[in-house]
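Shown below: upload38.cif, with mmCIF, C-alpha atoms.
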```cif
data_start
loop_
_atom_site.label_atom_id
_atom_site.label_comp_id
_atom_site.auth_asym_id
_atom_site.auth_seq_id
_atom_site.Cartn_x
_atom_site.Cartn_y
_atom_site.Cartn_z
CA MET A 1 0.00 0.00 0.00
CA ASP A 2 1.52 3.38 -1.00
CA ASN A 3 1.65 6.45 1.28
CA ASN A 4 -1.30 8.14 -0.43
CA ASN A 5 -3.52 5.11 0.20
CA VAL A 6 -2.39 4.93 3.82
CA PHE A 7 -3.25 8.63 4.26
CA ALA A 8 -6.65 8.16 2.57
CA GLN A 9 -7.50 5.22 4.83
CA THR A 10 -6.47 7.14 7.96
CA LEU A 11 -8.49 10.17 6.90
CA GLU A 12 -11.54 8.00 6.15
CA GLU A 13 -11.31 6.36 9.60
CA GLU A 14 -10.93 9.78 11.23
CA LEU A 15 -14.07 11.06 9.49
CA VAL A 16 -15.99 7.99 10.67
CA TYR A 17 -14.86 8.51 14.27
CA GLN A 18 -15.92 12.17 14.06
CA GLU A 19 -19.51 10.97 13.58
CA ILE A 20 -19.56 8.57 16.53
CA ASN A 21 -22.04 9.14 19.35
CA ASP A 22 -22.26 6.93 22.41
CA CYS A 23 -24.63 7.08 25.36
CA PRO A 24 -23.31 7.76 28.87
CA TYR A 25 -21.20 5.51 31.03
CA ILE A 26 -21.66 6.32 34.72
CA PHE A 27 -18.77 5.52 37.05
CA TYR A 28 -18.90 5.55 40.87
CA LYS A 29 -15.81 7.26 42.29
CA GLY A 30 -16.11 7.21 46.08
CA ASP A 31 -18.19 10.25 47.04
CA SER A 32 -18.59 11.39 43.43
CA VAL A 33 -20.11 10.20 40.17
CA GLU A 34 -18.24 10.55 36.89
CA VAL A 35 -20.25 10.58 33.67
CA LYS A 36 -18.59 10.14 30.26
CA TRP A 37 -20.16 10.17 26.81
CA ILE A 38 -19.26 10.78 23.16
CA VAL A 39 -20.87 13.35 20.86
CA ARG A 40 -19.71 13.54 17.23
CA GLY A 41 -16.41 11.93 18.10
CA LYS A 42 -15.71 14.17 21.10
CA LEU A 43 -15.37 12.87 24.65
CA ASN A 44 -17.53 14.71 27.20
CA MET A 45 -17.22 14.33 30.96
CA GLU A 46 -18.91 15.71 34.06
CA THR A 47 -18.39 14.91 37.73
CA PHE A 48 -21.12 15.23 40.34
CA SER A 49 -21.41 14.74 44.07
CA ASN A 50 -22.96 11.40 44.91
CA THR A 51 -24.66 12.92 47.96
CA ASN A 52 -26.43 15.96 46.52
CA PHE A 53 -26.88 15.01 42.87
CA LYS A 54 -29.69 12.52 42.36
CA LYS A 55 -30.57 12.66 38.70
CA LEU A 56 -28.90 13.53 35.42
CA GLU A 57 -30.55 14.81 32.27
CA VAL A 58 -28.83 13.15 29.32
CA LYS A 59 -29.08 14.42 25.76
CA THR A 60 -26.39 12.41 24.01
CA CYS A 61 -28.54 10.03 21.97
CA GLU A 62 -32.15 9.68 20.90
CA GLU A 63 -33.06 7.52 23.91
CA PHE A 64 -32.20 10.31 26.33
CA LYS A 65 -33.84 13.45 25.02
CA SER A 66 -35.92 14.89 27.86
CA LYS A 67 -35.36 11.75 29.96
CA TYR A 68 -33.74 11.25 33.32
CA VAL A 69 -31.56 8.52 34.77
CA GLU A 70 -31.14 7.81 38.47
CA ILE A 71 -27.48 8.14 39.41
CA LYS A 72 -27.55 5.60 42.25
CA PRO A 73 -30.61 3.37 41.85
CA SER A 74 -31.65 0.73 44.35
CA ILE A 75 -30.70 -2.58 42.71
CA ILE A 76 -31.60 -5.95 44.22
CA ILE A 77 -30.51 -9.46 43.20
CA ASP A 78 -33.38 -11.98 43.10
CA ASP A 79 -32.16 -15.51 42.41
CA ASP A 80 -35.58 -17.15 42.64
CA GLN A 81 -37.00 -15.72 39.41
CA LYS A 82 -40.48 -17.28 39.20
CA PHE A 83 -43.62 -15.38 38.22
CA HIS A 84 -47.23 -16.52 38.22
CA CYS A 85 -50.62 -15.47 36.79
CA VAL A 86 -49.05 -13.34 34.05
CA PRO A 87 -51.70 -12.60 31.36
CA LYS A 88 -49.43 -12.07 28.35
CA ILE A 89 -45.76 -12.40 27.46
CA ALA A 90 -43.61 -11.06 24.60
CA ILE A 91 -40.16 -12.55 24.01
CA LEU A 92 -37.14 -11.99 21.78
CA SER A 93 -33.39 -12.51 21.98
CA ASP A 94 -29.97 -11.84 20.48
CA ILE A 95 -30.34 -8.15 19.67
CA HIS A 96 -26.56 -7.85 19.27
CA GLY A 97 -26.40 -4.09 18.87
CA GLN A 98 -29.13 -3.86 16.20
CA HIS A 99 -31.02 -1.24 18.17
CA ASP A 100 -33.06 0.29 15.35
CA LEU A 101 -34.42 -3.10 14.23
CA PHE A 102 -35.16 -3.96 17.85
CA ILE A 103 -37.19 -0.77 18.30
CA ASN A 104 -39.06 -1.21 15.01
CA LEU A 105 -40.01 -4.76 15.96
CA MET A 106 -41.24 -3.62 19.38
CA LYS A 107 -43.34 -0.86 17.84
CA ALA A 108 -44.80 -3.13 15.17
CA ASN A 109 -45.99 -5.54 17.85
CA LYS A 110 -47.27 -2.81 20.17
CA ILE A 111 -44.93 -3.55 23.06
CA ILE A 112 -44.00 0.13 22.89
CA ASN A 113 -45.85 3.05 21.31
CA LYS A 114 -44.70 5.37 18.54
CA LYS A 115 -42.77 7.44 21.10
CA GLY A 116 -40.86 4.35 22.21
CA GLU A 117 -42.65 4.08 25.56
CA TRP A 118 -44.10 0.99 27.25
CA SER A 119 -47.59 0.13 25.94
CA TYR A 120 -47.87 -3.53 26.97
CA GLY A 121 -49.85 -2.87 30.13
CA ASN A 122 -49.58 -5.66 32.71
CA GLY A 123 -47.75 -7.97 30.29
CA HIS A 124 -44.19 -9.21 30.70
CA PHE A 125 -41.46 -8.67 28.12
CA VAL A 126 -38.47 -11.04 28.10
CA ILE A 127 -35.10 -10.56 26.39
CA VAL A 128 -33.51 -14.01 26.37
CA GLY A 129 -29.94 -12.73 26.41
CA ASP A 130 -27.32 -11.22 24.10
CA ILE A 131 -27.88 -7.49 23.84
CA PHE A 132 -24.08 -7.20 23.68
CA ASP A 133 -21.54 -7.59 20.86
CA ARG A 134 -21.46 -7.52 17.05
CA GLY A 135 -23.50 -4.36 16.29
CA ASP A 136 -22.75 -0.68 16.93
CA LYS A 137 -25.72 0.33 19.09
CA VAL A 138 -25.32 -1.82 22.19
CA THR A 139 -25.33 1.06 24.67
CA GLU A 140 -28.53 2.50 23.19
CA SER A 141 -30.30 -0.82 23.74
CA LEU A 142 -29.00 -1.18 27.29
CA TRP A 143 -30.24 2.27 28.33
CA PHE A 144 -33.52 1.74 26.49
CA VAL A 145 -34.17 -1.49 28.43
CA TYR A 146 -33.04 0.16 31.67
CA ASN A 147 -35.68 2.88 31.23
CA LEU A 148 -38.33 0.49 29.87
CA GLU A 149 -38.10 -1.55 33.09
CA LYS A 150 -39.26 1.47 35.09
CA GLN A 151 -42.10 2.27 32.68
CA ALA A 152 -43.34 -1.33 32.73
CA LYS A 153 -43.30 -1.46 36.53
CA LYS A 154 -45.45 1.68 36.77
CA ALA A 155 -48.00 0.09 34.41
CA GLY A 156 -48.14 -3.18 36.36
CA GLY A 157 -45.99 -5.07 33.85
CA LYS A 158 -42.40 -6.26 33.94
CA VAL A 159 -39.27 -6.36 31.77
CA HIS A 160 -36.85 -9.29 32.12
CA PHE A 161 -33.33 -9.07 30.67
CA LEU A 162 -31.59 -12.45 30.91
CA LEU A 163 -27.85 -12.93 30.71
CA GLY A 164 -26.66 -14.67 27.55
CA ASN A 165 -23.21 -15.98 26.76
CA HIS A 166 -22.19 -12.60 25.35
CA GLU A 167 -23.13 -10.71 28.53
CA VAL A 168 -21.11 -13.18 30.58
CA MET A 169 -18.19 -12.93 28.15
CA ILE A 170 -18.08 -9.13 28.46
CA LEU A 171 -18.26 -9.27 32.27
CA GLN A 172 -15.37 -11.75 32.18
CA GLY A 173 -13.32 -9.49 29.90
CA ASN A 174 -13.75 -11.34 26.60
CA ASP A 175 -14.34 -8.56 24.04
CA LYS A 176 -13.62 -10.69 20.96
CA TYR A 177 -16.94 -9.84 19.32
CA ILE A 178 -17.34 -6.14 20.07
CA HIS A 179 -17.81 -3.71 17.18
CA ASN A 180 -14.78 -1.57 16.24
CA LYS A 181 -16.72 1.47 17.46
CA TYR A 182 -16.46 0.22 21.04
CA LYS A 183 -12.74 -0.45 20.77
CA TRP A 184 -12.36 3.21 19.83
CA VAL A 185 -14.77 4.40 22.54
CA SER A 186 -12.85 2.43 25.19
CA GLU A 187 -9.59 4.03 24.06
CA GLN A 188 -11.09 7.53 24.29
CA MET A 189 -12.30 6.84 27.82
CA GLY A 190 -8.96 5.40 28.89
CA VAL A 191 -10.32 2.05 30.09
CA THR A 192 -10.94 -1.45 28.75
CA TYR A 193 -14.36 -2.35 27.41
CA LYS A 194 -14.84 -4.63 30.43
CA GLU A 195 -14.21 -1.65 32.73
CA LEU A 196 -17.03 0.32 31.06
CA PHE A 197 -19.30 -2.26 32.71
CA GLY A 198 -17.33 -2.85 35.90
CA LYS A 199 -18.81 -3.30 39.37
CA GLU A 200 -18.37 0.41 40.08
CA THR A 201 -20.53 1.55 37.15
CA LEU A 202 -24.29 2.01 36.96
CA LEU A 203 -24.80 -0.23 33.92
CA GLY A 204 -22.35 -2.81 35.26
CA GLU A 205 -24.09 -2.98 38.62
CA TRP A 206 -27.49 -3.25 36.91
CA ILE A 207 -26.38 -6.02 34.53
CA ARG A 208 -24.95 -8.02 37.44
CA THR A 209 -28.43 -8.33 38.95
CA LYS A 210 -29.85 -10.00 35.85
CA PRO A 211 -30.77 -13.70 35.94
CA VAL A 212 -29.65 -16.48 33.63
CA ALA A 213 -33.01 -18.24 33.82
CA ILE A 214 -36.57 -17.40 34.85
CA ALA A 215 -39.99 -19.05 34.87
CA ILE A 216 -43.26 -17.32 33.99
CA ASN A 217 -46.42 -19.32 34.52
CA ASP A 218 -45.41 -22.79 33.23
CA ILE A 219 -42.78 -21.55 30.76
CA ALA A 220 -39.02 -21.56 31.41
CA PHE A 221 -36.77 -18.98 29.74
CA VAL A 222 -33.02 -19.38 29.31
CA HIS A 223 -30.54 -18.12 26.71
CA ALA A 224 -29.29 -21.39 25.20
CA GLY A 225 -31.18 -24.24 26.85
CA PHE A 226 -31.36 -26.83 29.59
CA SER A 227 -29.53 -29.97 28.49
CA PRO A 228 -30.37 -33.53 29.63
CA GLU A 229 -27.23 -33.35 31.76
CA PHE A 230 -28.61 -30.20 33.42
CA THR A 231 -31.62 -32.05 34.81
CA GLN A 232 -29.58 -35.15 35.62
CA LYS A 233 -27.46 -32.98 37.90
CA LYS A 234 -30.64 -31.72 39.63
CA TYR A 235 -30.04 -28.05 38.84
CA ASP A 236 -32.98 -25.65 38.87
CA ILE A 237 -33.61 -22.00 38.00
CA SER A 238 -32.80 -20.67 41.46
CA ASN A 239 -29.46 -22.41 41.94
CA VAL A 240 -28.36 -21.59 38.37
CA ASN A 241 -28.85 -17.89 39.09
CA GLN A 242 -27.08 -18.25 42.42
CA LEU A 243 -24.07 -19.92 40.80
CA PHE A 244 -23.69 -17.19 38.17
CA HIS A 245 -24.33 -14.29 40.55
CA HIS A 246 -22.21 -15.42 43.45
CA SER A 247 -19.57 -17.80 42.07
CA ILE A 248 -18.92 -17.14 38.36
CA ILE A 249 -19.26 -13.46 37.42
CA ASP A 250 -16.30 -11.41 38.73
CA HIS A 251 -14.44 -14.53 39.85
CA ASP A 252 -11.12 -15.70 38.48
CA LYS A 253 -11.83 -17.96 35.50
CA GLU A 254 -9.09 -20.46 36.31
CA THR A 255 -10.49 -20.90 39.82
CA VAL A 256 -14.05 -21.17 38.49
CA LEU A 257 -13.09 -23.93 36.05
CA LYS A 258 -11.66 -26.04 38.88
CA ASN A 259 -15.18 -26.42 40.31
CA ASP A 260 -17.26 -29.06 38.48
CA ASP A 261 -20.60 -27.26 38.91
CA LEU A 262 -19.24 -23.92 37.75
CA LYS A 263 -17.30 -25.47 34.88
CA PHE A 264 -20.50 -27.18 33.68
CA MET A 265 -22.32 -23.84 33.59
CA LEU A 266 -19.67 -22.34 31.27
CA LYS A 267 -19.31 -25.30 28.89
CA LYS A 268 -21.34 -26.48 25.90
CA LYS A 269 -23.92 -28.39 27.98
CA GLY A 270 -24.53 -25.39 30.22
CA PRO A 271 -27.50 -22.98 30.03
CA ILE A 272 -25.74 -20.15 28.16
CA TRP A 273 -24.00 -22.32 25.51
CA TYR A 274 -26.14 -25.43 24.83
CA ARG A 275 -27.33 -26.03 21.24
CA GLY A 276 -28.44 -29.65 21.51
CA TYR A 277 -32.11 -29.09 20.76
CA PHE A 278 -31.19 -28.10 17.22
CA ARG A 279 -27.75 -29.63 16.61
CA ASP A 280 -27.87 -33.09 18.22
CA LYS A 281 -29.37 -35.59 15.77
CA ASP A 282 -30.39 -37.91 18.59
CA PHE A 283 -32.32 -35.25 20.53
CA THR A 284 -35.98 -36.31 20.61
CA LYS A 285 -39.35 -35.15 21.85
CA GLU A 286 -39.03 -37.70 24.65
CA LYS A 287 -35.79 -36.07 25.81
CA ALA A 288 -37.50 -32.67 25.75
CA GLN A 289 -40.36 -34.04 27.85
CA LYS A 290 -37.91 -35.50 30.37
CA ILE A 291 -36.12 -32.16 30.73
CA LEU A 292 -39.41 -30.32 31.21
CA HIS A 293 -40.50 -32.84 33.82
CA GLY A 294 -37.18 -32.36 35.60
CA ILE A 295 -37.64 -28.58 35.89
CA GLY A 296 -41.41 -28.73 36.43
CA MET A 297 -42.36 -26.72 33.32
CA LYS A 298 -44.46 -27.25 30.17
CA HIS A 299 -42.37 -25.23 27.70
CA ILE A 300 -38.84 -23.86 27.29
CA VAL A 301 -38.05 -20.68 25.32
CA VAL A 302 -34.47 -20.16 24.14
CA GLY A 303 -32.36 -17.88 21.95
CA HIS A 304 -28.65 -18.37 21.06
CA THR A 305 -29.10 -20.53 17.94
CA SER A 306 -30.12 -18.39 14.97
CA MET A 307 -33.15 -19.29 12.86
CA LYS A 308 -34.86 -17.50 9.98
CA ARG A 309 -37.90 -16.86 12.17
CA VAL A 310 -39.44 -17.74 15.51
CA LEU A 311 -40.07 -21.49 15.55
CA SER A 312 -41.81 -24.22 17.53
CA HIS A 313 -39.97 -27.51 18.09
CA PHE A 314 -40.99 -30.96 19.35
CA ASP A 315 -44.74 -30.22 19.09
CA GLY A 316 -44.53 -26.96 21.00
CA LEU A 317 -42.38 -28.12 23.89
CA ILE A 318 -39.50 -25.83 22.92
CA TYR A 319 -39.58 -22.44 21.17
CA SER A 320 -36.59 -20.69 19.59
CA VAL A 321 -36.66 -16.90 19.41
CA ASP A 322 -33.26 -15.99 17.93
CA SER A 323 -34.64 -14.86 14.57
CA ASN A 324 -31.33 -13.43 13.33
CA LEU A 325 -31.72 -9.81 14.41
CA LYS A 326 -27.92 -9.68 14.44
CA LYS A 327 -27.89 -9.30 10.65
CA GLY A 328 -29.89 -6.07 10.97
CA GLU A 329 -32.38 -7.03 8.26
CA TYR A 330 -35.29 -8.90 9.85
CA GLY A 331 -36.51 -10.21 13.16
CA GLU A 332 -39.55 -11.61 14.94
CA ILE A 333 -40.97 -11.71 18.44
CA LEU A 334 -42.70 -14.58 20.23
CA ILE A 335 -46.00 -13.76 21.90
CA TRP A 336 -47.86 -15.89 24.44
CA GLU A 337 -51.47 -15.02 25.19
CA ASN A 338 -54.55 -17.05 26.16
CA ASN A 339 -52.41 -20.21 26.31
CA LYS A 340 -51.40 -19.84 22.67
CA PHE A 341 -48.07 -18.96 21.04
CA TYR A 342 -47.78 -16.53 18.13
CA ARG A 343 -45.08 -15.19 15.84
CA GLY A 344 -45.03 -11.40 15.84
CA THR A 345 -43.56 -10.23 12.55
CA LEU A 346 -41.74 -7.04 11.61
CA ASP A 347 -44.87 -5.75 9.83
CA GLY A 348 -47.03 -6.36 12.91
CA LYS A 349 -48.74 -9.58 11.84
CA ARG A 350 -49.57 -12.14 14.55
CA ILE A 351 -49.37 -15.75 13.33
CA GLU A 352 -50.28 -18.68 15.57
CA ILE A 353 -47.65 -21.41 15.77
#
```
I'd like the structure from this file rewritten - as structure tokens, please.
Amino acid sequence: MDNNNVFAQTLEEELVYQEINDCPYIFYKGDSVEVKWIVRGKLNMETFSNTNFKKLEVKTCEEFKSKYVEIKPSIIIDDDQKFHCVPKIAILSDIHGQHDLFINLMKANKIINKKGEWSYGNGHFVIVGDIFDRGDKVTESLWFVYNLEKQAKKAGGKVHFLLGNHEVMILQGNDKYIHNKYKWVSEQMGVTYKELFGKETLLGEWIRTKPVAIAINDIAFVHAGFSPEFTQKKYDISNVNQLFHHSIIDHDKETVLKNDDLKFMLKKKGPIWYRGYFRDKDFTKEKAQKILHGIGMKHIVVGHTSMKRVLSHFDGLIYSVDSNLKKGEYGEILIWENNKFYRGTLDGKRIEI
């Protein structure tokens, strides 16, 4: 490559970086709060007292115009994530930084209104993992879900954001799949990407409260799946969440892998990596029934393994909701209502499956 081409490439990259915006990262610094964000390629920073500054108006991306974020919210870990008598549920997974497609899909299926606000009443909305990695609008989706949680709660509904393998990877410092934008953003902020979501950050603290698995009514939700080995080992939703919250995340990986239970959770038969429902030729309906009996549920909903659309498997025992949003072209949402499952399409159609 000659010098002119090198200069042209550098200039082109510089122009791209000049257009980058990124939503705030909020760091706890003892008695103060440090807020950093990017507007048109420029790093902005403000520091506030943690004792007399309660809320921050943020205008750095579309999700924050005229909105407020609590600086130090009350965040509680609940390992026993089981919910009953829920009238309707909407589910998707594997957003992977495709924020615009995510929002369009939510609007089309009336989970949010035209203004991007909660409109699902007393329903529950579940993200079955993997907001992180691949795309260039991860932070927008994180803050959107953070705010949507509060809106849903006020309306009598609930938002559930489950940890997928990519959330766990980021918390463990594996940034192999992040978009180049976030490598640049991390450099501008003088920290690693992992540190943007460290224990002493608002988003990091919030993400660390999220479960790996939940149950709503008689449906179990988990990013990748519950393998036959999972039920053989007598694991359940509560102890899976306990293991991730208290023994895996923020613990030394070498030490974690010396423990058989923890090692299982992070390997291919574990709940954030398993693909056996769709990849193992000898997986049968009978095996699915045995797993469901073992966890006391009637259905399992998973993401992780990409499909062209939302699908039902093994006569409705298992549903897959990773409809390839990561490509940024199309996606679907799974809807449960009146004991029936539906595909919610990008044009708002509801198709029973």
inquiry  = From the options A:Ile248, A:Ile207, A:Ile216, A:Val159, which residue's atoms come nearest to Gln172 of chain A, counting all atoms listed in the file?
reply    = A:Ile248
message = Taking all atoms listed in the file into account, name the residue in A:Lys82, A:Leu105, A:Asp218, A:Gly30 that is nearest to Arg343 of chain A.
response =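 Closest to Arg343 of chain A, using all atoms listed in the file: A:Leu105.
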Output check: residues returned by the PyMOL selection byres ((chain A and resi 155) around 12), as an MDAnalysis selection string = chainID A and resid 117:124 148:154 156:159
request  = Neighbourhood query: residues within 12 Å of (-14.5, -21.4, 35.6), file coordinates, counting only C-alpha atoms; return as a VMD selection string.
outcome  = chain A and resid 168 to 169 172 243 to 244 247 to 267
For the selection you just gave me, I'd like the residues written to a file as an mmCIF file, keeping the file's coordinate frame, keeping C-alpha atoms.
```cif
data_model
loop_
_atom_site.group_PDB
_atom_site.id
_atom_site.type_symbol
_atom_site.label_atom_id
_atom_site.label_comp_id
_atom_site.auth_asym_id
_atom_site.auth_seq_id
_atom_site.Cartn_x
_atom_site.Cartn_y
_atom_site.Cartn_z
ATOM 1 C CA VAL A 168 -21.110 -13.180 30.580
ATOM 2 C CA MET A 169 -18.190 -12.930 28.150
ATOM 3 C CA GLN A 172 -15.370 -11.750 32.180
ATOM 4 C CA LEU A 243 -24.070 -19.920 40.800
ATOM 5 C CA PHE A 244 -23.690 -17.190 38.170
ATOM 6 C CA SER A 247 -19.570 -17.800 42.070
ATOM 7 C CA ILE A 248 -18.920 -17.140 38.360
ATOM 8 C CA ILE A 249 -19.260 -13.460 37.420
ATOM 9 C CA ASP A 250 -16.300 -11.410 38.730
ATOM 10 C CA HIS A 251 -14.440 -14.530 39.850
ATOM 11 C CA ASP A 252 -11.120 -15.700 38.480
ATOM 12 C CA LYS A 253 -11.830 -17.960 35.500
ATOM 13 C CA GLU A 254 -9.090 -20.460 36.310
ATOM 14 C CA THR A 255 -10.490 -20.900 39.820
ATOM 15 C CA VAL A 256 -14.050 -21.170 38.490
ATOM 16 C CA LEU A 257 -13.090 -23.930 36.050
ATOM 17 C CA LYS A 258 -11.660 -26.040 38.880
ATOM 18 C CA ASN A 259 -15.180 -26.420 40.310
ATOM 19 C CA ASP A 260 -17.260 -29.060 38.480
ATOM 20 C CA ASP A 261 -20.600 -27.260 38.910
ATOM 21 C CA LEU A 262 -19.240 -23.920 37.750
ATOM 22 C CA LYS A 263 -17.300 -25.470 34.880
ATOM 23 C CA PHE A 264 -20.500 -27.180 33.680
ATOM 24 C CA MET A 265 -22.320 -23.840 33.590
ATOM 25 C CA LEU A 266 -19.670 -22.340 31.270
ATOM 26 C CA LYS A 267 -19.310 -25.300 28.890
#
```
Is it possible to get the axis-aligned box enclosing segment 240-251 of chain A (all listed atoms, 5 Å extra per side) as lines of an AutoDock Vina configuration file, with centre and edge lengths in Å rounded to one decimal?
```
center_x = -21.6
center_y = -16.5
center_z = 40.4
size_x = 24.4
size_y = 20.2
size_z = 16.0
```
query = Which protein, DNA or RNA residues have an atom at most 9 Å from (-30.5, -2.5, 37.2), counting all atoms listed in the file? List them as a ChimeraX atom specification.
reply = /A:73-76,146,149,202-210
Quick one: write out the picked residues with C-alpha atoms as a short mmCIF file (atom, residue, chain, number, x, y, z; two decimals), in the coordinates of the input?
```cif
data_model
loop_
_atom_site.label_atom_id
_atom_site.label_comp_id
_atom_site.auth_asym_id
_atom_site.auth_seq_id
_atom_site.Cartn_x
_atom_site.Cartn_y
_atom_site.Cartn_z
CA PRO A 73 -30.61 3.37 41.85
CA SER A 74 -31.65 0.73 44.35
CA ILE A 75 -30.70 -2.58 42.71
CA ILE A 76 -31.60 -5.95 44.22
CA TYR A 146 -33.04 0.16 31.67
CA GLU A 149 -38.10 -1.55 33.09
CA LEU A 202 -24.29 2.01 36.96
CA LEU A 203 -24.80 -0.23 33.92
CA GLY A 204 -22.35 -2.81 35.26
CA GLU A 205 -24.09 -2.98 38.62
CA TRP A 206 -27.49 -3.25 36.91
CA ILE A 207 -26.38 -6.02 34.53
CA ARG A 208 -24.95 -8.02 37.44
CA THR A 209 -28.43 -8.33 38.95
CA LYS A 210 -29.85 -10.00 35.85
#
```
Given all atoms listed in the file as the counted atoms, nearest of A:Ser141, A:Ser320, A:Asn113, A:Ser186 to His299 of chain A =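 Counting all atoms listed in the file, the residue closest to His299 of chain A is A:Ser320.
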key: Which residue of A:Pro228, A:Pro24, A:Gly303, A:Gly331 approaches Lys285 of chain A most closely, using only C-alpha atoms   =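 Answer, going by the shortest atom-to-atom distance: A:Pro228.
The interatomic distance for the pair atom CA of Glu167 of chain A and atom CA of Gly129 of chain A works out to 7.4 Å.
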Export of segment 258-277 of chain A: N, CA and C atoms, as a compact mmCIF listing (two decimals), in the first residue's frame:
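Heads up, here's the output in decode-v4.txt:
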```
# COMPACT_ATOMS: atom_id res chain seq x y z
N LYS A 258 -12.07 -24.92 38.03
CA LYS A 258 -11.66 -26.04 38.88
C LYS A 258 -12.84 -26.66 39.62
N ASN A 259 -13.97 -25.93 39.65
CA ASN A 259 -15.18 -26.42 40.31
C ASN A 259 -16.09 -27.07 39.27
N ASP A 260 -16.50 -28.31 39.48
CA ASP A 260 -17.26 -29.06 38.48
C ASP A 260 -18.60 -28.40 38.14
N ASP A 261 -19.31 -27.90 39.16
CA ASP A 261 -20.60 -27.26 38.91
C ASP A 261 -20.43 -25.98 38.08
N LEU A 262 -19.45 -25.18 38.44
CA LEU A 262 -19.24 -23.92 37.75
C LEU A 262 -18.71 -24.16 36.33
N LYS A 263 -17.84 -25.12 36.19
CA LYS A 263 -17.30 -25.47 34.88
C LYS A 263 -18.43 -25.92 33.95
N PHE A 264 -19.35 -26.72 34.48
CA PHE A 264 -20.50 -27.18 33.68
C PHE A 264 -21.30 -26.00 33.14
N MET A 265 -21.51 -24.99 33.98
CA MET A 265 -22.32 -23.84 33.59
C MET A 265 -21.70 -23.07 32.42
N LEU A 266 -20.38 -23.13 32.29
CA LEU A 266 -19.67 -22.34 31.27
C LEU A 266 -19.27 -23.17 30.05
N LYS A 267 -19.66 -24.44 30.02
CA LYS A 267 -19.31 -25.30 28.89
C LYS A 267 -20.53 -25.57 28.02
N LYS A 268 -20.34 -26.36 26.96
CA LYS A 268 -21.34 -26.48 25.90
C LYS A 268 -22.64 -27.15 26.33
N LYS A 269 -22.66 -27.81 27.49
CA LYS A 269 -23.92 -28.39 27.98
C LYS A 269 -24.60 -27.48 28.99
N GLY A 270 -23.99 -26.33 29.25
CA GLY A 270 -24.53 -25.39 30.22
C GLY A 270 -25.59 -24.48 29.63
N PRO A 271 -26.31 -23.73 30.46
CA PRO A 271 -27.50 -22.98 30.03
C PRO A 271 -27.24 -21.78 29.12
N ILE A 272 -25.99 -21.29 29.05
CA ILE A 272 -25.74 -20.15 28.16
C ILE A 272 -25.03 -20.55 26.86
N TRP A 273 -24.73 -21.86 26.70
CA TRP A 273 -24.00 -22.32 25.51
C TRP A 273 -24.67 -23.48 24.78
N TYR A 274 -25.59 -24.18 25.38
CA TYR A 274 -26.14 -25.43 24.83
C TYR A 274 -26.87 -25.20 23.50
N ARG A 275 -26.63 -26.09 22.53
CA ARG A 275 -27.33 -26.03 21.24
C ARG A 275 -27.96 -27.38 20.86
N GLY A 276 -28.03 -28.28 21.82
CA GLY A 276 -28.44 -29.65 21.51
C GLY A 276 -29.82 -29.82 20.94
N TYR A 277 -30.75 -28.95 21.30
CA TYR A 277 -32.11 -29.09 20.76
C TYR A 277 -32.10 -29.09 19.24
```
